[in-house]
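The file model28.txt contains compact mmCIF, C-alpha atoms:
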# COMPACT_ATOMS: atom_id res chain seq x y z
CA MET A 6 -4.26 6.46 -17.65
CA SER A 7 -7.21 6.77 -15.26
CA ARG A 8 -6.78 8.41 -11.91
CA GLN A 9 -6.26 6.31 -8.80
CA SER A 10 -9.52 5.18 -7.23
CA ARG A 11 -10.50 7.09 -4.12
CA SER A 12 -13.29 7.40 -1.59
CA LEU A 13 -15.58 10.37 -1.04
CA SER A 14 -13.18 11.70 1.58
CA GLY A 15 -10.39 11.70 -0.99
CA GLN A 16 -8.48 8.81 0.61
CA PRO A 17 -6.91 6.45 -1.96
CA PHE A 18 -7.44 2.71 -2.01
CA SER A 19 -4.62 0.21 -1.68
CA ILE A 20 -2.85 -0.74 -4.90
CA ASP A 21 -4.50 -4.16 -5.15
CA ASN A 22 -8.00 -2.77 -4.63
CA ASP A 23 -7.32 0.19 -6.93
CA ILE A 24 -6.42 -2.20 -9.75
CA LEU A 25 -9.67 -4.13 -9.27
CA LEU A 26 -11.77 -0.95 -9.11
CA ARG A 27 -10.16 0.54 -12.21
CA THR A 28 -10.78 -2.73 -14.09
CA VAL A 29 -14.47 -2.70 -13.14
CA THR A 30 -14.74 1.00 -14.04
CA ALA A 31 -13.28 0.41 -17.49
CA ALA A 32 -15.37 -2.72 -18.12
CA ARG A 33 -18.62 -0.92 -17.31
CA GLN A 34 -17.50 2.26 -19.10
CA TRP A 35 -18.04 4.45 -16.07
CA CYS A 36 -16.38 7.84 -15.73
CA GLY A 37 -14.56 9.05 -12.66
CA SER A 38 -12.71 7.24 -9.92
CA VAL A 39 -14.84 7.83 -6.79
CA TRP A 40 -16.31 4.88 -4.89
CA VAL A 41 -18.71 4.82 -1.95
CA PRO A 42 -18.98 2.11 0.75
CA ALA A 43 -22.39 0.42 0.68
CA LYS A 44 -22.80 0.99 4.42
CA LEU A 45 -22.15 4.69 4.04
CA ALA A 46 -24.57 4.91 1.10
CA ALA A 47 -27.30 3.36 3.23
CA ARG A 48 -26.51 5.63 6.15
CA LEU A 49 -26.67 8.76 3.99
CA ASN A 50 -29.78 7.51 2.14
CA LEU A 51 -28.06 7.89 -1.22
CA PRO A 52 -30.43 6.64 -3.95
CA LEU A 53 -29.08 4.08 -6.44
CA ARG A 54 -30.00 4.05 -10.12
CA PRO A 55 -32.65 1.47 -11.10
CA ASP A 56 -31.21 -1.87 -12.23
CA THR A 57 -27.69 -0.83 -11.31
CA ALA A 58 -24.91 -3.39 -11.12
CA PRO A 59 -24.16 -5.06 -7.78
CA PRO A 60 -21.47 -3.51 -5.56
CA VAL A 61 -17.85 -4.64 -5.67
CA LEU A 62 -16.47 -6.65 -2.76
CA LEU A 63 -13.04 -5.47 -1.60
CA SER A 64 -10.81 -7.22 0.90
CA SER A 65 -7.73 -6.12 2.81
CA SER A 66 -5.79 -7.04 5.91
CA ASN A 67 -8.18 -4.79 7.83
CA GLY A 68 -11.42 -6.43 6.70
CA SER A 69 -13.76 -6.44 3.72
CA GLY A 70 -16.74 -4.49 2.42
CA PHE A 71 -18.93 -3.65 -0.59
CA PHE A 72 -18.48 -0.49 -2.67
CA TYR A 73 -20.53 1.34 -5.32
CA HIS A 74 -19.12 3.54 -8.07
CA ALA A 75 -20.34 7.14 -7.97
CA GLU A 76 -22.12 6.69 -11.32
CA GLN A 77 -24.33 4.00 -9.82
CA PHE A 78 -26.18 6.64 -7.81
CA ALA A 79 -29.13 8.68 -9.04
CA ALA A 80 -27.60 11.81 -7.58
CA PRO A 81 -24.60 13.54 -9.23
CA LEU A 82 -21.15 13.32 -7.67
CA SER A 83 -21.43 16.89 -6.37
CA ALA A 84 -24.52 15.89 -4.36
CA LEU A 85 -22.76 12.79 -3.00
CA GLN A 86 -19.80 14.92 -2.00
CA GLU A 87 -22.05 17.45 -0.30
CA ALA A 88 -23.84 14.71 1.64
CA TRP A 89 -20.50 13.32 2.80
CA ASP A 90 -19.16 16.75 3.77
CA ASN A 91 -22.26 17.49 5.85
CA PHE A 92 -22.12 14.09 7.51
CA SER A 93 -18.40 14.21 8.28
CA LYS A 94 -18.85 17.56 10.02
CA GLY A 95 -21.60 16.22 12.24
CA GLU A 96 -21.47 14.17 15.40
CA GLY A 97 -22.22 10.97 13.51
CA ALA A 98 -18.73 10.70 12.08
CA LEU A 99 -17.20 11.01 15.53
CA ALA A 100 -19.61 8.61 17.17
CA ASP A 101 -19.01 5.86 14.61
CA PRO A 102 -15.63 6.19 12.92
CA HIS A 103 -16.21 3.03 10.86
CA HIS A 104 -19.38 4.05 9.03
CA THR A 105 -17.27 3.43 5.95
CA GLU A 106 -15.58 0.10 5.39
CA SER A 107 -11.95 -0.63 6.07
CA PRO A 108 -10.44 -1.32 2.61
CA SER A 109 -10.82 2.33 1.59
CA ASN A 110 -9.66 3.98 4.81
CA SER A 111 -12.22 6.60 3.81
CA VAL A 112 -12.17 8.53 7.05
CA ALA A 113 -9.03 10.44 7.92
CA PRO A 114 -7.76 8.76 11.10
CA SER A 115 -7.91 10.70 14.31
CA ALA A 116 -4.97 11.14 16.64
CA VAL A 117 -6.07 8.14 18.75
CA SER A 118 -7.10 5.70 16.01
CA PRO A 119 -4.87 2.59 16.05
CA LEU A 120 -2.91 2.29 12.81
CA SER A 121 -0.99 -0.54 11.19
CA THR A 122 2.57 -0.26 9.89
CA ASN A 123 0.98 0.70 6.56
CA GLY A 124 -0.64 3.69 8.25
CA GLU A 125 -4.07 2.11 7.80
CA ARG A 126 -6.90 1.57 10.24
CA PHE A 127 -8.10 -1.78 11.49
CA ASP A 128 -11.61 -3.18 11.40
CA ARG A 129 -14.04 -1.94 14.04
CA GLU A 130 -13.81 -4.90 16.41
CA THR A 131 -10.02 -4.97 16.34
CA GLU A 132 -9.80 -1.22 16.83
CA THR A 133 -12.12 -1.41 19.83
CA ARG A 134 -9.94 -4.08 21.45
CA MET A 135 -6.80 -2.06 20.70
CA LEU A 136 -8.23 1.09 22.26
CA ARG A 137 -9.24 -0.90 25.32
CA CYS A 138 -5.74 -2.37 25.56
CA ALA A 139 -4.10 1.03 25.03
CA ASN A 140 -5.97 2.46 28.01
CA GLY A 141 -3.91 0.20 30.25
CA LEU A 142 -0.57 1.07 28.68
CA ARG A 143 1.78 3.69 30.06
CA ASN A 144 2.98 5.25 26.78
CA ALA A 145 0.68 3.86 24.13
CA SER A 146 1.56 4.67 20.54
CA THR A 147 -0.81 5.16 17.63
CA TYR A 148 0.92 2.31 15.79
CA TRP A 149 0.53 -1.43 16.19
CA ALA A 150 2.70 -4.14 14.66
CA THR A 151 3.22 -7.86 14.67
CA ALA A 152 6.39 -9.20 16.23
CA ALA A 153 7.63 -10.17 12.76
CA GLU A 154 7.05 -6.67 11.34
CA ALA A 155 8.89 -4.99 14.20
CA THR A 156 11.86 -7.33 13.82
CA TYR A 157 12.11 -7.89 10.08
CA LEU A 158 10.80 -4.64 8.61
CA TYR A 159 11.90 -2.12 11.20
CA ASN A 160 14.75 -3.87 13.00
CA ARG A 161 13.17 -2.66 16.25
CA PRO A 162 12.00 -5.87 17.96
CA PHE A 163 9.70 -6.01 20.93
CA HIS A 164 11.18 -6.65 24.36
CA GLU A 165 10.75 -10.34 25.21
CA ALA A 166 9.08 -9.49 28.50
CA TYR A 167 6.53 -7.33 26.65
CA LEU A 168 5.59 -10.18 24.31
CA ALA A 169 5.44 -12.63 27.22
CA ASP A 170 2.60 -10.61 28.78
CA THR A 171 -0.46 -12.01 26.96
CA THR A 172 -2.54 -8.94 27.86
CA HIS A 173 -0.47 -6.91 25.38
CA ALA A 174 -1.63 -9.00 22.39
CA VAL A 175 -4.63 -7.99 20.30
CA TYR A 176 -5.68 -10.55 17.72
CA ALA A 177 -7.08 -9.57 14.32
CA ASN A 178 -8.67 -11.77 11.68
CA ALA A 179 -7.59 -10.78 8.18
CA SER A 180 -9.84 -13.47 6.72
CA PRO A 181 -12.09 -16.26 8.03
CA LEU A 182 -9.69 -18.65 6.30
CA CYS A 183 -6.63 -17.32 8.14
CA ARG A 184 -5.48 -17.79 11.71
CA PRO A 185 -5.79 -14.69 13.93
CA VAL A 186 -2.67 -12.51 13.90
CA ALA A 187 -1.34 -10.96 17.12
CA PHE A 188 -0.64 -7.21 17.07
CA TYR A 189 1.19 -5.32 19.80
CA ASN A 190 1.48 -1.63 20.52
CA VAL A 191 4.93 -0.47 19.41
CA GLU A 192 5.53 1.09 22.82
CA GLY A 193 6.91 -2.34 23.65
CA THR A 194 9.68 -2.17 21.03
CA ILE A 195 13.27 -1.16 21.73
CA ASP A 196 12.69 2.13 19.86
CA PRO A 197 9.02 3.27 19.79
CA ALA A 198 9.99 6.69 18.40
CA HIS A 199 10.99 5.05 15.12
CA PHE A 200 7.36 4.29 14.31
CA THR A 201 6.00 7.51 12.78
CA LYS A 202 3.79 8.58 9.90
CA GLU A 203 6.95 8.79 7.77
CA THR A 204 7.98 5.18 8.42
CA CYS A 205 4.55 3.60 8.90
CA CYS A 206 3.15 4.11 5.43
CA ARG A 207 2.15 2.00 2.45
CA TYR A 208 5.06 1.24 0.13
CA ASP A 209 4.21 0.15 -3.41
CA PRO A 210 7.45 -0.26 -5.38
CA VAL A 211 7.54 -0.29 -9.18
CA ASN A 212 10.06 -1.47 -11.77
CA TYR A 213 11.61 0.59 -14.57
CA GLU A 214 8.39 0.26 -16.63
CA GLY A 215 6.22 1.53 -13.80
CA ARG A 216 4.78 -1.93 -13.12
CA PHE A 217 4.02 -2.85 -9.52
CA TYR A 218 5.83 -5.66 -7.75
CA LYS A 219 3.80 -8.33 -6.01
CA PRO A 220 2.96 -7.69 -2.32
CA CYS A 221 5.27 -10.46 -1.07
CA VAL A 222 8.14 -8.84 -3.00
CA ALA A 223 7.16 -5.34 -1.87
CA VAL A 224 7.56 -6.36 1.78
CA THR A 225 11.22 -7.22 1.20
CA MET A 226 11.73 -3.95 -0.67
CA LYS A 227 10.10 -1.96 2.12
CA ALA A 228 12.52 -3.50 4.61
CA PHE A 229 15.42 -2.33 2.42
CA ALA A 230 13.89 1.15 2.00
CA LEU A 231 13.41 1.52 5.75
CA ARG A 232 16.94 0.38 6.47
CA HIS A 233 18.49 2.76 3.95
CA HIS A 234 16.10 5.72 4.37
CA CYS A 235 14.73 5.68 0.82
CA LEU A 236 10.98 5.19 1.31
CA HIS A 237 10.52 8.33 -0.79
CA GLU A 238 11.74 6.45 -3.88
CA ARG A 239 9.54 3.63 -5.18
CA GLN A 240 11.38 2.74 -8.35
CA TRP A 241 13.64 -0.32 -8.53
CA ILE A 242 15.77 -1.82 -11.30
CA THR A 243 17.99 -4.87 -11.65
CA THR A 244 21.69 -4.38 -11.00
CA ARG A 245 22.31 -5.60 -14.55
CA ARG A 246 20.15 -2.83 -15.97
CA ALA A 247 21.80 -0.29 -13.69
CA SER A 248 25.20 -1.37 -14.94
CA ALA A 249 24.03 -1.05 -18.55
CA LEU A 250 23.04 2.54 -17.77
CA GLY A 251 26.40 3.32 -16.20
CA LEU A 252 25.04 3.30 -12.64
CA SER A 253 26.21 1.50 -9.53
CA ALA A 254 25.49 1.30 -5.83
CA PRO A 255 28.10 1.72 -3.07
CA ARG A 256 29.12 -1.61 -1.53
CA VAL A 257 27.36 -0.74 1.71
CA PHE A 258 24.05 -1.30 -0.10
CA THR A 259 23.35 -4.99 -0.64
CA PRO A 260 20.80 -5.54 -3.44
CA VAL A 261 17.62 -7.47 -2.78
CA SER A 262 17.99 -10.90 -4.35
CA PHE A 263 15.46 -13.48 -5.56
CA PHE A 264 15.52 -16.91 -7.22
CA ASN A 265 18.61 -18.18 -5.43
CA MET A 266 20.57 -15.01 -6.21
CA SER A 267 19.61 -15.04 -9.92
CA VAL A 268 17.88 -11.62 -9.84
CA HIS A 269 19.29 -8.65 -7.94
CA LEU A 270 17.16 -5.53 -7.51
CA ILE A 271 18.25 -2.13 -6.20
CA ASN A 272 16.40 1.07 -5.30
CA VAL A 273 17.40 3.87 -7.70
CA ALA A 274 17.79 6.30 -4.78
CA VAL A 275 21.02 4.62 -3.68
CA LEU A 276 22.60 4.49 -7.13
CA LYS A 277 25.47 6.74 -8.03
CA ARG A 278 24.53 9.26 -10.71
CA SER A 279 20.89 8.25 -10.19
CA ALA A 280 19.81 11.65 -11.51
CA LEU A 281 20.71 10.42 -14.98
CA ILE A 282 18.21 7.60 -14.83
CA ARG A 283 15.11 9.69 -14.24
CA GLY A 284 13.22 10.74 -17.33
CA ARG A 285 15.49 8.62 -19.52
CA ALA A 286 13.77 6.47 -22.14
CA VAL A 287 15.09 2.98 -22.80
CA SER A 288 14.16 1.08 -25.93
CA SER A 289 11.92 -1.85 -25.09
CA SER A 290 13.67 -3.93 -27.71
CA VAL A 291 16.97 -3.81 -25.82
CA SER A 292 17.63 -6.24 -22.98
CA PRO A 293 19.19 -4.96 -19.73
CA ALA A 294 22.73 -5.77 -20.83
CA GLY A 295 22.41 -6.28 -24.53
CA VAL A 296 20.99 -9.32 -26.26
CA GLY A 297 22.03 -12.52 -24.53
CA THR A 298 20.63 -15.66 -22.94
CA GLU A 299 21.66 -14.64 -19.40
CA ALA A 300 20.07 -11.17 -19.68
CA GLU A 301 16.88 -12.58 -21.18
CA SER A 302 16.69 -15.20 -18.42
CA GLU A 303 17.00 -12.47 -15.78
CA SER A 304 14.22 -10.45 -17.42
CA GLU A 305 11.94 -13.47 -17.48
CA LEU A 306 12.57 -14.16 -13.80
CA GLU A 307 11.98 -10.53 -12.86
CA ARG A 308 8.61 -10.57 -14.63
CA THR A 309 7.40 -13.30 -12.29
CA LEU A 310 7.96 -10.87 -9.39
CA LEU A 311 5.57 -8.35 -10.94
CA MET A 312 1.82 -8.05 -10.92
CA SER A 313 -0.12 -8.53 -14.18
CA SER A 314 0.93 -6.42 -17.16
CA ASN A 315 -2.06 -4.07 -16.89
CA CYS A 316 -1.06 -3.14 -13.33
CA CYS A 317 1.28 -0.24 -13.93
CA VAL A 318 1.68 3.41 -13.07
CA GLU A 319 2.79 4.80 -16.37
CA SER A 320 3.45 3.36 -19.82
CA THR A 321 4.29 4.69 -23.25
CA PRO A 322 4.19 2.79 -26.57
CA LYS A 323 7.43 0.97 -27.42
CA LYS A 324 9.34 2.72 -24.65
CA GLN A 325 9.89 2.23 -20.96
CA VAL A 326 10.27 5.47 -19.08
CA LEU A 327 12.23 5.72 -15.87
CA ALA A 328 10.40 8.54 -14.16
CA THR A 329 10.69 10.37 -10.87
CA PRO A 330 8.34 9.47 -8.01
CA THR A 331 6.30 12.59 -8.72
CA GLN A 332 5.90 11.55 -12.34
CA LEU A 333 4.85 8.08 -11.31
CA PHE A 334 2.40 9.10 -8.63
Let's see the structure in the file written out as structure tokens.
Amino acid sequence: MSRQSRSLSGQPFSIDNDILLRTVTAARQWCGSVWVPAKLAARLNLPLRPDTAPPVLLSSSNGSGFFYHAEQFAAPLSALQEAWDNFSKGEGALADPHHTESPSNSVAPSAVSPLSTNGERFDRETETRMLRCANGLRNASTYWATAAEATYLYNRPFHEAYLADTTHAVYANASPLCRPVAFYNVEGTIDPAHFTKETCCRYDPVNYEGRFYKPCVAVTMKAFALRHHCLHERQWITTRRASALGLSAPRVFTPVSFFNMSVHLINVAVLKRSALIRGRAVSSSVSPAGVGTEAESESELERTLLMSSNCCVESTPKKQVLATPTQLF
């Protein structure tokens, strides 16, 4: 399996963008996993190979931008890396923190850079407005969230009076086709200290095969992981499969359910005897609870919650391996 796509600074891309970049890399038979924002390439005067392919457009909640693969440049990767290192040490990187483009988060955020609940930076215009707003706040935090995120994901809602003050809202456009979304500094929540680099991070859960769940499903799983302090574990399985493996969760942990309670998923970190599950190979020919219409129906429903079959962390022929987070990532 190819390495996760990254920028020159070593920062990884989001899962969705990484999948696209790895697909393009494989299709064009390029080697390596380093990508460079087109704006940064122009700023560093990095020469492209003649007749090279066009750049790849990436989009995220923080904006969009074009990216070139390292092999599209006339200079070797070592030269590109050296150019970046020299630039990042200079005043230019400080003067314009968004000389790279937002989907890669290529520049390590400074202590004052506004961050989302995924620990990612916003686009330049939004960040500028947030910094301006933060200057008027008494105890401004690095993190910004929507009212829904603070309530649903973190169970730390904003004070009503804080939301009522329209000067606290900073609107960001994720896409020209979407309505602007209001973000607020988490200083206005009932517990600002809860928003840290440990809790405000990207969470990309996987199933027992190492396949990623869809973003809309991952949000629900992140809420569970935050509530039960298991963000460190990204692997989930159905309760039926857990039972087949002799595992169970204490009653205090309510599984995440989908399809009108037809599929129940649980994080392996909260399972009793969960140590037994890691590194254990399960035959792909065996259904979660033996062959049966009900088990097969559950498996079919679960597959609709997953991203395409080529979007996985780890796979082995004819077996599905339940690995530890370090094995998966």
*Ala43 of chain A: which residues within 10 Å, counting all atoms listed in the file, same-chain residues fewer than 2 positions away excluded, as number ranges by chain?*
A: 40-41, 45-49, 51, 60-62, 70-74, 104-106
*Compile the contact shell of segment 145-157 of chain A as a ChimeraX atom specification: residues with an atom at most 7 Å away, counting all atoms listed in the file, same-chain residues fewer than 5 positions apart removed.*
/A:117-122,139,162-163,187-192,200
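Coordinates place atom CA of Ser64 of chain A at a distance of 16.0 Å from atom CA of Glu130 of chain A.
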Sphere at (26.3, 1.8, -9.3), radius 10 Å, counting only C-alpha atoms: residues as a PDB file with C-alpha atoms, keeping the file's coordinate frame:
ATOM      1  CA  THR A 244      21.690  -4.380 -11.000  1.00  0.00           C
ATOM      2  CA  ARG A 245      22.310  -5.600 -14.550  1.00  0.00           C
ATOM      3  CA  ALA A 247      21.800  -0.290 -13.690  1.00  0.00           C
ATOM      4  CA  SER A 248      25.200  -1.370 -14.940  1.00  0.00           C
ATOM      5  CA  ALA A 249      24.030  -1.050 -18.550  1.00  0.00           C
ATOM      6  CA  LEU A 250      23.040   2.540 -17.770  1.00  0.00           C
ATOM      7  CA  GLY A 251      26.400   3.320 -16.200  1.00  0.00           C
ATOM      8  CA  LEU A 252      25.040   3.300 -12.640  1.00  0.00           C
ATOM      9  CA  SER A 253      26.210   1.500  -9.530  1.00  0.00           C
ATOM     10  CA  ALA A 254      25.490   1.300  -5.830  1.00  0.00           C
ATOM     11  CA  PRO A 255      28.100   1.720  -3.070  1.00  0.00           C
ATOM     12  CA  ARG A 256      29.120  -1.610  -1.530  1.00  0.00           C
ATOM     13  CA  PHE A 258      24.050  -1.300  -0.100  1.00  0.00           C
ATOM     14  CA  ILE A 271      18.250  -2.130  -6.200  1.00  0.00           C
ATOM     15  CA  VAL A 273      17.400   3.870  -7.700  1.00  0.00           C
ATOM     16  CA  VAL A 275      21.020   4.620  -3.680  1.00  0.00           C
ATOM     17  CA  LEU A 276      22.600   4.490  -7.130  1.00  0.00           C
ATOM     18  CA  LYS A 277      25.470   6.740  -8.030  1.00  0.00           C
ATOM     19  CA  ARG A 278      24.530   9.260 -10.710  1.00  0.00           C
ATOM     20  CA  SER A 279      20.890   8.250 -10.190  1.00  0.00           C
TER      21      SER A 279
END
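Put simply, atom CA of Val257 of chain A is 26.3 Å away from atom CA of Gly215 of chain A.
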*Could you work out how far atom CA of Asn123 of chain A lies from atom CA of Cys205 of chain A, giving the answer in Å with one decimal?*
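Here the two named atoms are 5.2 Å from each other.
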*Taking only C-alpha atoms into account, which of A:Asn140, A:Asn212, A:Ser69, A:Thr309 comes nearest Leu270 of chain A?*
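Counting only C-alpha atoms, the residue closest to Leu270 of chain A is A:Asn212.
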*Rank nothing, just name the residue among A:Leu85, A:Leu142, A:Cys206, A:Leu53 nearest to Glu125 of chain A, using only C-alpha atoms.*
A:Cys206
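With all atoms listed in the file as the atoms that count, the residue of A:Phe18, A:Phe78, A:Tyr167, A:Phe127 with the shortest distance to Asp56 of chain A is A:Phe78.
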*So which one's closest to Asn91 of chain A, A:Asn272, A:Thr243, A:Ser14, A:Thr172? Using all atoms listed in the file, please.*
A:Ser14
*Can you tell me, as a PyMOL selection string, what residues are no more than 12 Å from Leu82 of chain A when counting all atoms listed in the file, ignoring any on the same chain fewer than 6 positions away?*
chain A and resi 12-13+36-41+51+74-76+88-89
Centre and edge lengths, as lines of an AutoDock Vina configuration file, for the axis-aligned box enclosing every listed atom of segment 40-56 of chain A with 4 Å of padding on each of the six sides, in Å to one decimal?
center_x = -24.5
center_y = 3.4
center_z = -3.0
size_x = 24.3
size_y = 18.6
size_z = 26.4
